[in-house]
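Some notes on the structure that comes next.
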Amino acid sequence: MLKNPFFKYSFFILLLVNISYTLGLTFLGKASFNIGNAEASAIWFVTFYWLPVWTAAVIILTLRQKSINNTLLEWFITVLCMALGNTVTDNLLSLLFSQYPKMGGFVVLNAMLWGSVIYFITRYIETKKNISNEKHFRKQAQLATLRYQLNPHFMFNSLNTISAYIHTKPDLADEVLHELADILRYSLDTADQQRISLQQEITIIKKYLNIEKARFGNKLSVTFNISPTLTDVHIPPLLLQPIIENSLKHNMEQEKLTIKVTIMPISSGIEITINDNGKGFSQQILAQGFNDGIGMKNLSQRIAQLKNGKISLANNNGAEIKLEMAL
């Protein structure tokens with residue numbers, strides 16, 4: 001239980017509060033700076049701040065482990081521990097320092113004040129953290145869902161490609177099936193990985209292109225222009241495949257289809273540009289984005305989930321898609 005981050009951070013925060021309070025009294029002339037006051041300050045820290053707060057935290061966390069969550073009860077426990085700590089502090093200081101004036105009934109008021117402040121600030125921070133964690137897990141779940149939707153879609157389209165020549169060129173079909181097996185294995189192996197190396201992604205894209213080149217022959221040409229500085233970067237898996245597949249799908253009648261993949265560093269991370277010399281995007285797609293098609297629609301949603309993620313479409317002697325993301 002003591003491994004809870006609260007105990008690590010609260011110790012230093014409470015120490016800072018205690019030191020600041022002591023220095024404030026000294027600055028206002030309410031106390032002088034000497035050994036006696038330093039000892040009194042240390043006693044205040046241990047018996048009023050540190051031990052009561054940690055005791056209250058242990059009790060509250062123990063209750064939460066037993067599914068007992070009650071804000072009023074937790075507040076009462078905190079105030080009670082602070083009151084007991086303040087009583088111990090008050091009596092201890094009166095024994096050690098003859099000039100110390102006992103607090104009397106003010107012990108309860110002081111405990112309610114400090115206990116309420118400490119408890120509700122902690123609850124506020126805890127709530128903000130829980131909301132942040134919930135958003136993070138929801139984001140990861142959405143990314144996983146998009147990946148799971150993409151995998152069967154990718155497999156279906158690849159098998160359709162193989163079926164186009166499986167009877168006429170069985171040896172080539174066998175070779176392509178091995179490539180597909182590697183791709184599917186890669187898809188499964190990276191299912192739980194948020195990012196993989198750029199080199200891995202390029203390797204698997206080239207296997208996918210081997211499948212498509214078996215279908216398109218010399219009609220298809222793909223070139224890669226990758227900055228040497230990006231050798232060790234990591235990107236989300238299967239980002240490039242749906243873009244290249246989309247280019248092939250909409251330019252099947254092209255006499256010669258050339259696709260160029262450019263990957264360069266930018267100030268905010270990395271930029272991936274994929275151009276083709278096909279017929280380009282319609283005005284509707286340029287205005288509204290990808291409304292149809294599982295692969296590209298999912299890609300757009302995946303990019304939107306990434307830090308500094310951005311996707312843009314343009315016509316530049318054919319279709320041009322740019323992806324931007326933080327590394």
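By convention in this document, the chains of the structure tokens carry letters A, B, ... by their order, each chain's residues are numbered from 1, and ligands are numbered from 1 in the order they are shown.
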Backbone DSSP call of strand (DSSP E) for segment 75-242 of chain A, listed as a JSON list (two decimals) with N, CA and C atoms, in the first residue's frame:
[["chain", "number", "residue", "atom", "x", "y", "z"],
["A", 196, "ILE", "N", 5.76, 0.51, -33.82],
["A", 196, "ILE", "CA", 6.80, -0.42, -34.26],
["A", 196, "ILE", "C", 7.84, 0.40, -35.03],
["A", 197, "SER", "N", 8.99, -0.20, -35.29],
["A", 197, "SER", "CA", 10.04, 0.54, -35.99],
["A", 197, "SER", "C", 9.63, 0.82, -37.42],
["A", 220, "LEU", "N", 3.08, -1.44, -62.22],
["A", 220, "LEU", "CA", 3.21, -0.83, -60.90],
["A", 220, "LEU", "C", 4.68, -0.57, -60.55],
["A", 221, "SER", "N", 4.95, 0.66, -60.14],
["A", 221, "SER", "CA", 6.29, 1.03, -59.71],
["A", 221, "SER", "C", 6.19, 1.84, -58.41],
["A", 222, "VAL", "N", 6.94, 1.43, -57.41],
["A", 222, "VAL", "CA", 6.90, 2.11, -56.11],
["A", 222, "VAL", "C", 8.32, 2.47, -55.69],
["A", 223, "THR", "N", 8.53, 3.70, -55.29],
["A", 223, "THR", "CA", 9.84, 4.14, -54.81],
["A", 223, "THR", "C", 9.71, 4.70, -53.39],
["A", 224, "PHE", "N", 10.80, 4.57, -52.64],
["A", 224, "PHE", "CA", 10.83, 5.05, -51.26],
["A", 224, "PHE", "C", 11.94, 6.08, -51.10],
["A", 225, "ASN", "N", 11.60, 7.18, -50.49],
["A", 225, "ASN", "CA", 12.58, 8.23, -50.18],
["A", 225, "ASN", "C", 12.47, 8.52, -48.68],
["A", 226, "ILE", "N", 13.37, 7.92, -47.90],
["A", 226, "ILE", "CA", 13.27, 7.99, -46.45],
["A", 226, "ILE", "C", 14.53, 8.65, -45.89],
["A", 234, "HIS", "N", 9.86, 5.15, -34.44],
["A", 234, "HIS", "CA", 8.77, 4.18, -34.34],
["A", 234, "HIS", "C", 7.44, 4.87, -34.71],
["A", 235, "ILE", "N", 6.61, 4.16, -35.45],
["A", 235, "ILE", "CA", 5.32, 4.68, -35.87],
["A", 235, "ILE", "C", 4.25, 3.62, -35.61]]
| message | I'd like the contact shell of segment 109-123 of chain A - 8 Å cut-off, only C-alpha atoms, skipping same-chain residues fewer than 3 positions apart - returned as number ranges by chain. | response | A: 75, 78-80, 82-83, 86, 105-106, 126-127
| request: Would you work out the distance separating atom CA of Leu188 of chain A from atom CA of Ser132 of chain A, expressed in Å to one decimal? | output: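 About the pair atom CA of Leu188 of chain A and atom CA of Ser132 of chain A: they are 29.0 Å apart.
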| message | From a backbone DSSP assignment, name each residue in segment 89-293 of chain A labelled alpha helix (DSSP H), as number ranges by chain. | response | A: 89-96, 106-163, 170-189, 198-216, 240-250, 283-288
Write a file of the selected residues as a compact mmCIF listing (two decimals), in the first residue's frame, keeping C-alpha atoms.
# COMPACT_ATOMS: atom_id res chain seq x y z
CA THR A 89 1.58 18.11 19.03
CA ASP A 90 -0.01 20.57 21.46
CA ASN A 91 0.83 18.47 24.53
CA LEU A 92 4.33 17.61 23.34
CA LEU A 93 5.22 21.24 22.67
CA SER A 94 3.84 22.33 26.04
CA LEU A 95 6.08 19.76 27.75
CA LEU A 96 9.22 20.75 25.83
CA PHE A 106 -8.73 25.49 18.88
CA VAL A 107 -7.23 22.01 18.30
CA VAL A 108 -10.54 20.83 16.80
CA LEU A 109 -11.01 23.93 14.62
CA ASN A 110 -7.43 23.70 13.39
CA ALA A 111 -7.86 20.00 12.58
CA MET A 112 -11.10 20.68 10.67
CA LEU A 113 -9.44 23.47 8.68
CA TRP A 114 -6.26 21.59 7.73
CA GLY A 115 -7.99 18.21 7.39
CA SER A 116 -10.62 19.63 5.03
CA VAL A 117 -8.05 21.46 2.90
CA ILE A 118 -5.73 18.44 2.62
CA TYR A 119 -8.54 15.93 1.98
CA PHE A 120 -10.46 17.88 -0.67
CA ILE A 121 -7.34 19.03 -2.54
CA THR A 122 -6.21 15.39 -2.63
CA ARG A 123 -9.65 14.29 -3.86
CA TYR A 124 -9.58 16.97 -6.57
CA ILE A 125 -6.15 15.84 -7.82
CA GLU A 126 -7.28 12.22 -7.64
CA THR A 127 -10.43 12.96 -9.66
CA LYS A 128 -8.48 14.85 -12.33
CA LYS A 129 -6.04 11.96 -12.60
CA ASN A 130 -8.87 9.41 -12.91
CA ILE A 131 -10.49 11.46 -15.67
CA SER A 132 -7.15 11.67 -17.48
CA ASN A 133 -6.61 7.91 -17.13
CA GLU A 134 -10.14 7.21 -18.35
CA LYS A 135 -9.57 9.33 -21.45
CA HIS A 136 -6.27 7.54 -22.08
CA PHE A 137 -7.77 4.05 -21.77
CA ARG A 138 -10.75 5.03 -23.91
CA LYS A 139 -8.38 6.34 -26.56
CA GLN A 140 -6.33 3.13 -26.49
CA ALA A 141 -9.50 1.04 -26.73
CA GLN A 142 -10.66 3.02 -29.75
CA LEU A 143 -7.28 2.56 -31.45
CA ALA A 144 -7.44 -1.19 -30.77
CA THR A 145 -10.95 -1.36 -32.23
CA LEU A 146 -9.79 0.36 -35.39
CA ARG A 147 -6.89 -2.09 -35.69
CA TYR A 148 -9.20 -5.08 -35.25
CA GLN A 149 -11.49 -3.71 -37.97
CA LEU A 150 -8.55 -3.23 -40.31
CA ASN A 151 -7.04 -6.71 -39.99
CA PRO A 152 -9.91 -8.77 -41.51
CA HIS A 153 -10.44 -6.09 -44.14
CA PHE A 154 -6.78 -6.28 -45.13
CA MET A 155 -6.88 -10.08 -45.26
CA PHE A 156 -10.03 -10.11 -47.42
CA ASN A 157 -8.57 -7.74 -50.02
CA SER A 158 -5.26 -9.62 -50.15
CA LEU A 159 -7.00 -12.96 -50.70
CA ASN A 160 -8.99 -11.40 -53.52
CA THR A 161 -5.72 -10.35 -55.11
CA ILE A 162 -4.37 -13.91 -54.89
CA SER A 163 -7.56 -15.43 -56.28
CA PRO A 170 0.02 -21.69 -59.10
CA ASP A 171 3.75 -21.26 -58.35
CA LEU A 172 3.36 -17.52 -58.14
CA ALA A 173 0.22 -17.97 -56.04
CA ASP A 174 2.19 -20.13 -53.60
CA GLU A 175 4.89 -17.50 -53.33
CA VAL A 176 2.33 -14.78 -52.72
CA LEU A 177 0.58 -16.87 -50.08
CA HIS A 178 3.85 -16.99 -48.16
CA GLU A 179 4.07 -13.21 -48.37
CA LEU A 180 0.49 -12.94 -47.13
CA ALA A 181 1.28 -15.31 -44.25
CA ASP A 182 4.18 -13.04 -43.23
CA ILE A 183 1.91 -10.00 -43.37
CA LEU A 184 -0.80 -11.64 -41.28
CA ARG A 185 1.78 -12.85 -38.77
CA TYR A 186 3.09 -9.30 -38.54
CA SER A 187 -0.43 -8.02 -38.03
CA LEU A 188 -1.00 -10.46 -35.16
CA ASP A 189 2.44 -9.90 -33.61
CA LEU A 198 9.78 2.31 -39.30
CA GLN A 199 12.05 -0.35 -40.81
CA GLN A 200 9.57 -3.07 -39.82
CA GLU A 201 6.73 -1.14 -41.40
CA ILE A 202 8.62 -0.64 -44.67
CA THR A 203 9.59 -4.33 -44.79
CA ILE A 204 5.99 -5.45 -44.46
CA ILE A 205 4.80 -2.88 -47.00
CA LYS A 206 7.28 -4.28 -49.51
CA LYS A 207 5.83 -7.75 -48.92
CA TYR A 208 2.38 -6.35 -49.60
CA LEU A 209 3.70 -4.72 -52.78
CA ASN A 210 5.10 -8.07 -53.91
CA ILE A 211 1.56 -9.40 -53.80
CA GLU A 212 0.23 -6.48 -55.80
CA LYS A 213 3.12 -6.52 -58.29
CA ALA A 214 2.30 -10.15 -59.03
CA ARG A 215 -1.10 -8.87 -60.09
CA PHE A 216 -0.14 -5.62 -61.84
CA LEU A 240 1.05 2.97 -45.13
CA GLN A 241 -0.75 -0.14 -46.41
CA PRO A 242 -4.30 1.31 -46.65
CA ILE A 243 -3.00 4.38 -48.51
CA ILE A 244 -1.17 2.31 -51.10
CA GLU A 245 -4.15 -0.03 -51.38
CA ASN A 246 -6.43 2.96 -51.95
CA SER A 247 -4.15 4.20 -54.73
CA LEU A 248 -4.20 0.80 -56.42
CA LYS A 249 -7.96 0.47 -56.04
CA HIS A 250 -8.74 3.78 -57.77
CA GLN A 283 -13.75 17.39 -55.20
CA GLN A 284 -16.15 15.67 -52.79
CA ILE A 285 -13.34 13.69 -51.13
CA LEU A 286 -11.12 16.77 -50.96
CA ALA A 287 -13.94 18.66 -49.25
CA GLN A 288 -15.35 15.94 -46.99
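Counting from atom CA of Ser268 of chain A, the distance to atom CA of Lys307 of chain A is 9.6 Å.
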| query | So which one's closest to Gln194 of chain A, A:Ser10, A:Gln254, A:Gln305, A:Asn70? Using only C-alpha atoms, please. | reply |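 That would be A:Gln305, the residue with the smallest distance to Gln194 of chain A.
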